[in-house]
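Enquirer: Take a look at this one; I'll ask things after.
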Amino acid sequence: IVCRGEVQRNSYRIVFTVDPIAGADRAVRWSFGQVSVIHGEPHNYNRAMGVNDDGLVVGFAWNLFQPNDAILNAGGIWTTIGGIDGPHQNAEARDVNNTGLAVGLQAFPNGDWHPTIWTSNPPGALDLGTLGGLPLGELFDVNDSGLAVGRVYDPAPPVTSRAVFYDGSVLRDLNELLPAGTDAVLWEANEVNEFGDIVGSALIDGELHAFLLALEPGDDPWVDLGQGKPGVQGVPVLTGEGSLVGGTLASVSVSNGRPGGNMTLVVGASLLN
């Protein structure tokens, strides 16, 4: 089973994608140790990618050798919200906020997929276009204020990519917000919190680093978080022992962090049969 998902804050539930050895991907809900399939989606394969605090689930689904369709589950009912306007309009919903705004990608009539938002009132998909002549784009995350982040890119060598954000009205290049003289290219933006803090990947001296970009006035506007290589000062090293099977105790220890710095431990798990 290969798992991927997102935490639902008010009940600590996680929506996962499960890929059993037997065959089809299935959207499932994992809650307090119990896994249940979110039934009723008519495609042969489906994946859940995001969930909000009201239990609204988004993702994408497909039939063999067919493009992906963006999907949404509200009140136990699945609806196809993207990819329905033509035979080749690949669409994937990646996240949904607590107002019901979903984000992801959709290929519009020209065949290229663009950063896309789906609204519920009125229902429909909005093509946000791309920037800088780059043909493709996608959004990965959206906060409750409607600020969404992602990337625009050209996969043809040499690969070019720019981190972008949607400010509620237009798509913008995050690189415009870097302090003058910053020797970095923000490559893609992956997550944004309710304060407007954005994390993602930046290209620095030909190598990818993690970055933090803060939009709130008074915060450090840009932080190079490095590459996470063990042994480098300030890069936490996590060690531990034990097993989560059967409720047995597991212990972990974090060392090598920045003096006086704060750490957040994020835990993910997968099971390979």
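Letters A, B, ... mark the chains of the structure tokens in the order given; residue numbers begin at 1 per chain; ligand numbers begin at 1, in order shown.
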May I have the residues within 6 Å of segment 135-140 of chain A as a list in words, using only C-alpha atoms and disregarding those fewer than 3 positions away in the same chain?

Expert: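 Counting only C-alpha atoms, the residues come to Arg94, Val103, Gly104, Leu105, Asp112, Trp113, His114, Pro115, Val149, Gly150, Arg151, Val152, Tyr153, Asp154 and Asn190 of chain A.
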
Enquirer: Assign secondary structure with DSSP using the backbone only, and return the residues of segment 33-237 of chain A in strand (DSSP E or B) as a VMD selection string.

Expert: chain A and resid 34 to 37 45 to 51 57 to 62 69 to 74 77 to 82 91 to 96 102 to 107 113 to 120 123 to 127 136 to 142 148 to 154 160 to 166 171 to 173 185 to 192 197 to 204 207 to 214 222 to 226 234 237

Enquirer: From the list A:Val254, A:Ala184, A:Val58, A:Val142, which residue is nearest Thr80 of chain A when using only C-alpha atoms?

Expert: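 Residue with the minimum atom-to-atom distance to Thr80 of chain A: A:Val58.
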
Enquirer: Enumerate, in order of chain and increasing residue number, the residues of segment 44-77 of chain A with an atom no farther than 7 Å from segment 24-29 of chain A, each with its shortest atom pair and distance in Å to one decimal, counting only C-alpha atoms, as a Markdown table.

Expert:
| residue | atom | partner | partner_atom | distance |
| --- | --- | --- | --- | --- |
| A:Asn44 | CA | A:Ala24 | CA | 6.9 |
| A:Tyr45 | CA | A:Asp25 | CA | 5.1 |
| A:Asn46 | CA | A:Arg26 | CA | 5.2 |
| A:Arg47 | CA | A:Ala27 | CA | 4.7 |
| A:Ala48 | CA | A:Ala27 | CA | 4.8 |

Enquirer: Any idea what's packed within 9 Å of Pro123 of chain A, counting only C-alpha atoms, ignoring anything in its chain fewer than 4 positions away? Could you give it as a ChimeraX atom specification?

Expert: /A:81,118-119

Enquirer: Store the residues picked out above, limited to all heavy atoms, as a tab-separated table (two decimals), in the first residue's frame.

Expert:
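Wrote it out as again.tsv, contents follow:
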chain	number	residue	atom	x	y	z
A	81	ILE	N	-15.47	17.55	-11.38
A	81	ILE	CA	-15.50	19.01	-11.49
A	81	ILE	C	-14.55	19.53	-12.57
A	81	ILE	O	-14.65	20.70	-12.95
A	81	ILE	CB	-15.14	19.67	-10.15
A	81	ILE	CG1	-13.75	19.26	-9.68
A	81	ILE	CG2	-16.20	19.34	-9.11
A	81	ILE	CD1	-13.27	20.01	-8.46
A	118	TRP	N	-11.22	25.92	-8.87
A	118	TRP	CA	-12.61	25.53	-9.06
A	118	TRP	C	-13.44	26.20	-7.98
A	118	TRP	O	-13.15	26.08	-6.79
A	118	TRP	CB	-12.78	24.02	-8.97
A	118	TRP	CG	-12.23	23.28	-10.14
A	118	TRP	CD1	-12.86	23.02	-11.33
A	118	TRP	CD2	-10.93	22.68	-10.25
A	118	TRP	NE1	-12.02	22.30	-12.16
A	118	TRP	CE2	-10.84	22.09	-11.52
A	118	TRP	CE3	-9.84	22.60	-9.39
A	118	TRP	CZ2	-9.70	21.41	-11.96
A	118	TRP	CZ3	-8.70	21.96	-9.82
A	118	TRP	CH2	-8.64	21.36	-11.09
A	119	THR	N	-14.47	26.91	-8.38
A	119	THR	CA	-15.36	27.58	-7.45
A	119	THR	C	-16.68	26.82	-7.37
A	119	THR	O	-17.08	26.15	-8.33
A	119	THR	CB	-15.63	29.03	-7.89
A	119	THR	OG1	-16.19	29.03	-9.21
A	119	THR	CG2	-14.33	29.84	-7.90

Enquirer: What lies within 8 Å of Gly240 of chain A using only C-alpha atoms, ignoring chain neighbours under 3 positions off, as an MDAnalysis selection string?

Expert: chainID A and resid 250:253

Enquirer: What would the file look like if the residues just selected were written as a PDB file, in the first residue's frame with N, CA, C and O atoms?

Expert:
ATOM      1  N   ALA A 250       7.281   4.037  20.643  1.00  0.00           N
ATOM      2  CA  ALA A 250       8.404   4.412  19.796  1.00  0.00           C
ATOM      3  C   ALA A 250       9.002   5.696  20.339  1.00  0.00           C
ATOM      4  O   ALA A 250       8.278   6.597  20.773  1.00  0.00           O
ATOM      5  N   SER A 251      10.334   5.787  20.356  1.00  0.00           N
ATOM      6  CA  SER A 251      11.001   6.979  20.858  1.00  0.00           C
ATOM      7  C   SER A 251      11.824   7.607  19.743  1.00  0.00           C
ATOM      8  O   SER A 251      12.382   6.908  18.898  1.00  0.00           O
ATOM      9  N   VAL A 252      11.886   8.926  19.748  1.00  0.00           N
ATOM     10  CA  VAL A 252      12.674   9.639  18.749  1.00  0.00           C
ATOM     11  C   VAL A 252      13.512  10.702  19.443  1.00  0.00           C
ATOM     12  O   VAL A 252      13.170  11.180  20.529  1.00  0.00           O
ATOM     13  N   SER A 253      14.614  11.043  18.812  1.00  0.00           N
ATOM     14  CA  SER A 253      15.502  12.072  19.329  1.00  0.00           C
ATOM     15  C   SER A 253      15.947  12.955  18.173  1.00  0.00           C
ATOM     16  O   SER A 253      16.292  12.456  17.096  1.00  0.00           O
TER      17      SER A 253
END

Enquirer: Write out as a PDB file with C-alpha atoms, in the first residue's frame the residues lying within 12 Å of Asn68 of chain A, counting only C-alpha atoms and excluding same-chain residues fewer than 2 positions away.

Expert:
ATOM      1  CA  HIS A  43     -13.875   5.832 -12.519  1.00  0.00           C
ATOM      2  CA  ASN A  44     -11.727   2.715 -12.408  1.00  0.00           C
ATOM      3  CA  TYR A  45      -8.985   4.522 -10.484  1.00  0.00           C
ATOM      4  CA  ASN A  46      -9.156   7.459  -8.071  1.00  0.00           C
ATOM      5  CA  ARG A  47      -6.910   9.328  -5.657  1.00  0.00           C
ATOM      6  CA  GLY A  59      -8.545  14.573  -5.962  1.00  0.00           C
ATOM      7  CA  PHE A  60      -8.504  13.059  -9.404  1.00  0.00           C
ATOM      8  CA  ALA A  61      -9.691   9.920 -11.153  1.00  0.00           C
ATOM      9  CA  TRP A  62      -9.186   8.164 -14.453  1.00  0.00           C
ATOM     10  CA  ASN A  63      -9.970   5.188 -16.618  1.00  0.00           C
ATOM     11  CA  LEU A  64      -7.183   3.207 -18.258  1.00  0.00           C
ATOM     12  CA  PHE A  65      -5.495   5.134 -21.113  1.00  0.00           C
ATOM     13  CA  GLN A  66      -7.738   8.152 -20.504  1.00  0.00           C
ATOM     14  CA  ALA A  70     -10.674  16.376 -11.159  1.00  0.00           C
ATOM     15  CA  ILE A  71     -13.157  15.073  -8.571  1.00  0.00           C
ATOM     16  CA  THR A  80     -16.452  15.315 -11.525  1.00  0.00           C
ATOM     17  CA  ILE A  81     -15.497  19.007 -11.494  1.00  0.00           C
ATOM     18  CA  GLY A  82     -12.682  19.171 -14.075  1.00  0.00           C
ATOM     19  CA  GLY A  83     -11.686  17.524 -17.330  1.00  0.00           C
ATOM     20  CA  ILE A  84     -15.256  17.313 -18.585  1.00  0.00           C
ATOM     21  CA  GLY A  86     -13.227  17.912 -23.925  1.00  0.00           C
ATOM     22  CA  PRO A  87     -11.593  14.551 -24.694  1.00  0.00           C
ATOM     23  CA  HIS A  88      -8.028  15.537 -23.731  1.00  0.00           C
ATOM     24  CA  GLN A  89      -8.524  17.946 -20.847  1.00  0.00           C
ATOM     25  CA  ASN A  90      -6.401  16.377 -18.141  1.00  0.00           C
ATOM     26  CA  ALA A  91      -7.420  17.778 -14.731  1.00  0.00           C
ATOM     27  CA  GLU A  92      -6.301  17.179 -11.128  1.00  0.00           C
ATOM     28  CA  ALA A  93      -7.574  18.846  -7.937  1.00  0.00           C
ATOM     29  CA  GLY A 104      -4.928  22.142  -9.084  1.00  0.00           C
ATOM     30  CA  LEU A 105      -4.402  21.917 -12.814  1.00  0.00           C
ATOM     31  CA  GLN A 106      -6.506  21.526 -15.922  1.00  0.00           C
ATOM     32  CA  ALA A 107      -5.697  21.299 -19.602  1.00  0.00           C
ATOM     33  CA  TRP A 113      -2.437  22.321 -18.416  1.00  0.00           C
TER      34      TRP A 113
END

Enquirer: Using only C-alpha atoms, can you tell me which of A:Leu174, A:Ser31, A:Asn73, A:Thr239 comes closest to Asp54 of chain A?

Expert: A:Asn73

Enquirer: Between A:Val237, A:Leu126, A:Ala74, A:Val185, which is the closest to Leu171 of chain A once you count only C-alpha atoms?

Expert: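 Ranking A:Val237, A:Leu126, A:Ala74, A:Val185 by distance to Leu171 of chain A, first place goes to A:Leu126.
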